[in-house]
file target.pdb (PDB, N, CA and C atoms)
ATOM      1  N   MET A  10      12.537   9.507 -16.506
ATOM      2  CA  MET A  10      12.621   8.133 -16.064
ATOM      3  C   MET A  10      12.114   7.237 -17.199
ATOM      4  N   PRO A  11      12.822   6.161 -17.494
ATOM      5  CA  PRO A  11      12.392   5.266 -18.577
ATOM      6  C   PRO A  11      11.045   4.606 -18.281
ATOM      7  N   ALA A  12      10.385   4.225 -19.349
ATOM      8  CA  ALA A  12       9.030   3.680 -19.222
ATOM      9  C   ALA A  12       9.005   2.376 -18.433
ATOM     10  N   LEU A  13      10.011   1.534 -18.590
ATOM     11  CA  LEU A  13      10.016   0.266 -17.865
ATOM     12  C   LEU A  13      10.184   0.472 -16.364
ATOM     13  N   ASP A  14      10.958   1.467 -15.977
ATOM     14  CA  ASP A  14      11.092   1.768 -14.546
ATOM     15  C   ASP A  14       9.768   2.247 -13.958
ATOM     16  N   VAL A  15       9.056   3.068 -14.713
ATOM     17  CA  VAL A  15       7.754   3.548 -14.258
ATOM     18  C   VAL A  15       6.779   2.380 -14.143
ATOM     19  N   MET A  16       6.858   1.432 -15.077
ATOM     20  CA  MET A  16       5.993   0.261 -15.024
ATOM     21  C   MET A  16       6.253  -0.543 -13.759
ATOM     22  N   TRP A  17       7.523  -0.763 -13.422
ATOM     23  CA  TRP A  17       7.838  -1.544 -12.224
ATOM     24  C   TRP A  17       7.415  -0.819 -10.956
ATOM     25  N   ILE A  18       7.581   0.488 -10.927
ATOM     26  CA  ILE A  18       7.140   1.254  -9.760
ATOM     27  C   ILE A  18       5.625   1.163  -9.604
ATOM     28  N   SER A  19       4.900   1.205 -10.722
ATOM     29  CA  SER A  19       3.443   1.074 -10.628
ATOM     30  C   SER A  19       3.050  -0.319 -10.158
ATOM     31  N   PHE A  20       3.790  -1.353 -10.554
ATOM     32  CA  PHE A  20       3.526  -2.705 -10.047
ATOM     33  C   PHE A  20       3.773  -2.775  -8.546
ATOM     34  N   TYR A  21       4.836  -2.129  -8.074
ATOM     35  CA  TYR A  21       5.102  -2.093  -6.630
ATOM     36  C   TYR A  21       3.984  -1.358  -5.891
ATOM     37  N   CYS A  22       3.474  -0.302  -6.490
ATOM     38  CA  CYS A  22       2.365   0.435  -5.873
ATOM     39  C   CYS A  22       1.119  -0.439  -5.774
ATOM     40  N   ILE A  23       0.803  -1.146  -6.844
ATOM     41  CA  ILE A  23      -0.361  -2.030  -6.827
ATOM     42  C   ILE A  23      -0.168  -3.130  -5.796
ATOM     43  N   GLY A  24       1.040  -3.673  -5.717
ATOM     44  CA  GLY A  24       1.327  -4.700  -4.719
ATOM     45  C   GLY A  24       1.185  -4.180  -3.303
ATOM     46  N   SER A  25       1.645  -2.967  -3.058
ATOM     47  CA  SER A  25       1.514  -2.411  -1.708
ATOM     48  C   SER A  25       0.055  -2.150  -1.356
ATOM     49  N   LEU A  26      -0.753  -1.765  -2.325
ATOM     50  CA  LEU A  26      -2.177  -1.574  -2.070
ATOM     51  C   LEU A  26      -2.855  -2.900  -1.749
ATOM     52  N   ILE A  27      -2.509  -3.953  -2.467
ATOM     53  CA  ILE A  27      -3.098  -5.273  -2.212
ATOM     54  C   ILE A  27      -2.664  -5.800  -0.850
ATOM     55  N   ILE A  28      -1.396  -5.629  -0.514
ATOM     56  CA  ILE A  28      -0.901  -6.079   0.794
ATOM     57  C   ILE A  28      -1.588  -5.309   1.921
ATOM     58  N   SER A  29      -1.788  -4.017   1.731
ATOM     59  CA  SER A  29      -2.440  -3.230   2.783
ATOM     60  C   SER A  29      -3.894  -3.652   2.980
ATOM     61  N   VAL A  30      -4.581  -4.007   1.909
ATOM     62  CA  VAL A  30      -5.952  -4.499   2.047
ATOM     63  C   VAL A  30      -5.962  -5.816   2.812
ATOM     64  N   GLY A  31      -5.016  -6.701   2.515
ATOM     65  CA  GLY A  31      -4.917  -7.960   3.247
ATOM     66  C   GLY A  31      -4.598  -7.755   4.716
ATOM     67  N   LEU A  32      -3.738  -6.799   5.018
ATOM     68  CA  LEU A  32      -3.405  -6.518   6.414
ATOM     69  C   LEU A  32      -4.592  -5.935   7.178
ATOM     70  N   ILE A  33      -5.364  -5.081   6.532
ATOM     71  CA  ILE A  33      -6.557  -4.542   7.178
ATOM     72  C   ILE A  33      -7.552  -5.662   7.454
ATOM     73  N   TYR A  34      -7.706  -6.582   6.514
ATOM     74  CA  TYR A  34      -8.599  -7.723   6.728
ATOM     75  C   TYR A  34      -8.131  -8.559   7.913
ATOM     76  N   LEU A  35      -6.828  -8.842   7.956
ATOM     77  CA  LEU A  35      -6.296  -9.628   9.067
ATOM     78  C   LEU A  35      -6.486  -8.917  10.400
ATOM     79  N   ALA A  36      -6.228  -7.627  10.419
ATOM     80  CA  ALA A  36      -6.327  -6.885  11.676
ATOM     81  C   ALA A  36      -7.767  -6.822  12.176
ATOM     82  N   ARG A  37      -8.703  -6.691  11.279
ATOM     83  CA  ARG A  37     -10.097  -6.552  11.716
ATOM     84  C   ARG A  37     -10.745  -7.885  12.055
ATOM     85  N   ASN A  38     -10.343  -8.965  11.390
ATOM     86  CA  ASN A  38     -11.059 -10.223  11.557
ATOM     87  C   ASN A  38     -10.276 -11.318  12.268
ATOM     88  N   LYS A  39      -8.964 -11.281  12.253
ATOM     89  CA  LYS A  39      -8.184 -12.395  12.775
ATOM     90  C   LYS A  39      -7.385 -12.072  14.030
ATOM     91  N   VAL A  40      -6.961 -10.825  14.203
ATOM     92  CA  VAL A  40      -6.116 -10.454  15.336
ATOM     93  C   VAL A  40      -7.013 -10.029  16.496
ATOM     94  N   SER A  41      -6.806 -10.661  17.647
ATOM     95  CA  SER A  41      -7.648 -10.340  18.799
ATOM     96  C   SER A  41      -6.963  -9.419  19.807
ATOM     97  N   ASN A  42      -5.632  -9.332  19.761
ATOM     98  CA  ASN A  42      -4.891  -8.464  20.667
ATOM     99  C   ASN A  42      -5.026  -7.011  20.197
ATOM    100  N   GLY A  43      -5.449  -6.130  21.085
ATOM    101  CA  GLY A  43      -5.698  -4.743  20.719
ATOM    102  C   GLY A  43      -4.454  -3.987  20.298
ATOM    103  N   PHE A  44      -3.343  -4.197  21.013
ATOM    104  CA  PHE A  44      -2.104  -3.495  20.671
ATOM    105  C   PHE A  44      -1.571  -3.966  19.324
ATOM    106  N   LEU A  45      -1.571  -5.272  19.099
ATOM    107  CA  LEU A  45      -1.094  -5.819  17.825
ATOM    108  C   LEU A  45      -2.001  -5.386  16.674
ATOM    109  N   ARG A  46      -3.294  -5.316  16.939
ATOM    110  CA  ARG A  46      -4.237  -4.864  15.918
ATOM    111  C   ARG A  46      -3.939  -3.424  15.520
ATOM    112  N   THR A  47      -3.614  -2.590  16.505
ATOM    113  CA  THR A  47      -3.287  -1.196  16.222
ATOM    114  C   THR A  47      -2.015  -1.079  15.397
ATOM    115  N   ILE A  48      -1.008  -1.868  15.734
ATOM    116  CA  ILE A  48       0.252  -1.838  14.988
ATOM    117  C   ILE A  48       0.046  -2.290  13.547
ATOM    118  N   VAL A  49      -0.712  -3.376  13.355
ATOM    119  CA  VAL A  49      -0.964  -3.883  12.001
ATOM    120  C   VAL A  49      -1.771  -2.869  11.199
ATOM    121  N   ASN A  50      -2.790  -2.274  11.822
ATOM    122  CA  ASN A  50      -3.577  -1.244  11.134
ATOM    123  C   ASN A  50      -2.725  -0.043  10.752
ATOM    124  N   LEU A  51      -1.880   0.400  11.653
ATOM    125  CA  LEU A  51      -1.014   1.541  11.373
ATOM    126  C   LEU A  51      -0.075   1.247  10.211
ATOM    127  N   PHE A  52       0.540   0.065  10.224
ATOM    128  CA  PHE A  52       1.431  -0.319   9.124
ATOM    129  C   PHE A  52       0.665  -0.403   7.809
ATOM    130  N   ALA A  53      -0.550  -0.956   7.846
ATOM    131  CA  ALA A  53      -1.343  -1.093   6.626
ATOM    132  C   ALA A  53      -1.738   0.269   6.067
ATOM    133  N   TYR A  54      -2.132   1.191   6.941
ATOM    134  CA  TYR A  54      -2.524   2.512   6.459
ATOM    135  C   TYR A  54      -1.325   3.297   5.924
ATOM    136  N   ILE A  55      -0.172   3.136   6.539
ATOM    137  CA  ILE A  55       1.037   3.787   6.015
ATOM    138  C   ILE A  55       1.391   3.214   4.649
ATOM    139  N   LEU A  56       1.313   1.896   4.511
ATOM    140  CA  LEU A  56       1.595   1.245   3.231
ATOM    141  C   LEU A  56       0.588   1.680   2.173
ATOM    142  N   PHE A  57      -0.680   1.775   2.550
ATOM    143  CA  PHE A  57      -1.716   2.224   1.623
ATOM    144  C   PHE A  57      -1.479   3.671   1.190
ATOM    145  N   GLY A  58      -1.130   4.529   2.137
ATOM    146  CA  GLY A  58      -0.867   5.924   1.807
ATOM    147  C   GLY A  58       0.335   6.085   0.897
ATOM    148  N   LEU A  59       1.388   5.324   1.167
ATOM    149  CA  LEU A  59       2.579   5.389   0.320
ATOM    150  C   LEU A  59       2.281   4.896  -1.093
ATOM    151  N   GLY A  60       1.574   3.779  -1.197
ATOM    152  CA  GLY A  60       1.220   3.254  -2.515
ATOM    153  C   GLY A  60       0.330   4.201  -3.292
ATOM    154  N   THR A  61      -0.626   4.809  -2.605
ATOM    155  CA  THR A  61      -1.521   5.755  -3.264
ATOM    156  C   THR A  61      -0.774   6.999  -3.718
ATOM    157  N   PHE A  62       0.092   7.516  -2.856
ATOM    158  CA  PHE A  62       0.860   8.713  -3.212
ATOM    159  C   PHE A  62       1.748   8.459  -4.425
ATOM    160  N   LEU A  63       2.449   7.329  -4.433
ATOM    161  CA  LEU A  63       3.331   7.042  -5.563
ATOM    162  C   LEU A  63       2.543   6.800  -6.847
ATOM    163  N   MET A  64       1.385   6.151  -6.741
ATOM    164  CA  MET A  64       0.576   5.912  -7.931
ATOM    165  C   MET A  64       0.042   7.220  -8.501
ATOM    166  N   VAL A  65      -0.410   8.110  -7.640
ATOM    167  CA  VAL A  65      -0.879   9.416  -8.113
ATOM    168  C   VAL A  65       0.277  10.198  -8.720
ATOM    169  N   LEU A  66       1.440  10.113  -8.121
ATOM    170  CA  LEU A  66       2.614  10.795  -8.660
ATOM    171  C   LEU A  66       2.977  10.262 -10.042
ATOM    172  N   ILE A  67       2.907   8.959 -10.224
ATOM    173  CA  ILE A  67       3.212   8.363 -11.526
ATOM    174  C   ILE A  67       2.194   8.803 -12.567
ATOM    175  N   VAL A  68       0.914   8.759 -12.212
ATOM    176  CA  VAL A  68      -0.130   9.130 -13.171
ATOM    177  C   VAL A  68      -0.055  10.619 -13.504
ATOM    178  N   ALA A  69       0.242  11.445 -12.521
ATOM    179  CA  ALA A  69       0.262  12.890 -12.750
ATOM    180  C   ALA A  69       1.478  13.342 -13.552
ATOM    181  N   THR A  70       2.594  12.648 -13.429
ATOM    182  CA  THR A  70       3.811  13.108 -14.105
ATOM    183  C   THR A  70       4.087  12.390 -15.414
ATOM    184  N   TRP A  71       3.318  11.374 -15.731
ATOM    185  CA  TRP A  71       3.564  10.660 -16.983
ATOM    186  C   TRP A  71       2.967  11.460 -18.137
ATOM    187  N   PRO A  72       3.736  11.662 -19.213
ATOM    188  CA  PRO A  72       3.234  12.514 -20.314
ATOM    189  C   PRO A  72       2.094  11.903 -21.087
TER     190      PRO A  72
END

call {"tool": "encode", "arguments": {"input": "target.pdb", "output": "C-alpha cells"}}
result
Amino acid sequence: MPALDVMWISFYCIGSLIISVGLIYLARNKVSNGFLRTIVNLFAYILFGLGTFLMVLIVATWP
C-alpha cells in the first residue's frame, strides 16, 4: 500500500478515536435517557475499537 494511503488511513483512525472520546463524554455527562446513553456508548466503543485495531495494524505492518 502506498505511503500516502497509509497516512490517510492513520488520519481516519485518529479522527475516529477523537470522535469516540467526544461521544463517551456526551453519553456520560449530557444524555439523560438510559437507552440512548447505552446506544451512544456502544457506538463509541465500537468506533474506538475499530480505530485502535486499524492503528495497531498500520503500525505493525509498516516497514

call {"tool": "residues_around", "arguments": {"input": "target.pdb", "residues": "Tyr34 in chain A", "least_positions_apart": "3", "cutoff": "12 Å", "atoms": "only C-alpha atoms", "output": "mmCIF file with N, CA and C atoms, keeping the file's coordinate frame"}}
result
data_model
loop_
_atom_site.group_PDB
_atom_site.id
_atom_site.type_symbol
_atom_site.label_atom_id
_atom_site.label_comp_id
_atom_site.auth_asym_id
_atom_site.auth_seq_id
_atom_site.Cartn_x
_atom_site.Cartn_y
_atom_site.Cartn_z
ATOM 1 N N ILE A 27 -2.509 -3.953 -2.467
ATOM 2 C CA ILE A 27 -3.098 -5.273 -2.212
ATOM 3 C C ILE A 27 -2.664 -5.800 -0.850
ATOM 4 N N ILE A 28 -1.396 -5.629 -0.514
ATOM 5 C CA ILE A 28 -0.901 -6.079 0.794
ATOM 6 C C ILE A 28 -1.588 -5.309 1.921
ATOM 7 N N SER A 29 -1.788 -4.017 1.731
ATOM 8 C CA SER A 29 -2.440 -3.230 2.783
ATOM 9 C C SER A 29 -3.894 -3.652 2.980
ATOM 10 N N VAL A 30 -4.581 -4.007 1.909
ATOM 11 C CA VAL A 30 -5.952 -4.499 2.047
ATOM 12 C C VAL A 30 -5.962 -5.816 2.812
ATOM 13 N N GLY A 31 -5.016 -6.701 2.515
ATOM 14 C CA GLY A 31 -4.917 -7.960 3.247
ATOM 15 C C GLY A 31 -4.598 -7.755 4.716
ATOM 16 N N ARG A 37 -8.703 -6.691 11.279
ATOM 17 C CA ARG A 37 -10.097 -6.552 11.716
ATOM 18 C C ARG A 37 -10.745 -7.885 12.055
ATOM 19 N N ASN A 38 -10.343 -8.965 11.390
ATOM 20 C CA ASN A 38 -11.059 -10.223 11.557
ATOM 21 C C ASN A 38 -10.276 -11.318 12.268
ATOM 22 N N LYS A 39 -8.964 -11.281 12.253
ATOM 23 C CA LYS A 39 -8.184 -12.395 12.775
ATOM 24 C C LYS A 39 -7.385 -12.072 14.030
ATOM 25 N N VAL A 40 -6.961 -10.825 14.203
ATOM 26 C CA VAL A 40 -6.116 -10.454 15.336
ATOM 27 C C VAL A 40 -7.013 -10.029 16.496
ATOM 28 N N ARG A 46 -3.294 -5.316 16.939
ATOM 29 C CA ARG A 46 -4.237 -4.864 15.918
ATOM 30 C C ARG A 46 -3.939 -3.424 15.520
ATOM 31 N N VAL A 49 -0.712 -3.376 13.355
ATOM 32 C CA VAL A 49 -0.964 -3.883 12.001
ATOM 33 C C VAL A 49 -1.771 -2.869 11.199
ATOM 34 N N ASN A 50 -2.790 -2.274 11.822
ATOM 35 C CA ASN A 50 -3.577 -1.244 11.134
ATOM 36 C C ASN A 50 -2.725 -0.043 10.752
ATOM 37 N N ALA A 53 -0.550 -0.956 7.846
ATOM 38 C CA ALA A 53 -1.343 -1.093 6.626
ATOM 39 C C ALA A 53 -1.738 0.269 6.067
ATOM 40 N N TYR A 54 -2.132 1.191 6.941
ATOM 41 C CA TYR A 54 -2.524 2.512 6.459
ATOM 42 C C TYR A 54 -1.325 3.297 5.924
#

call {"tool": "closest_residue", "arguments": {"input": "target.pdb", "among": "A:Met16, A:Pro11, A:Gly43, A:Cys22", "to": "Leu63 in chain A", "atoms": "all atoms listed in the file"}}
result
A:Cys22

call {"tool": "atom_distance", "arguments": {"input": "target.pdb", "atom1": "CA of Met64 in chain A", "atom2": "atom C of Leu45 in chain A"}}
result
27.2 Å

call {"tool": "atom_distance", "arguments": {"input": "target.pdb", "atom1": "atom N of Phe62 in chain A", "atom2": "atom N of Asn42 in chain A"}}
result
28.8 Å

call {"tool": "atom_distance", "arguments": {"input": "target.pdb", "atom1": "atom C of Asp14 in chain A", "atom2": "atom C of Phe52 in chain A"}}
result
23.7 Å

call {"tool": "closest_residue", "arguments": {"input": "target.pdb", "among": "A:Leu26, A:Ile18, A:Met10, A:Leu35", "to": "Thr61 in chain A", "atoms": "only C-alpha atoms"}}
result
A:Leu26
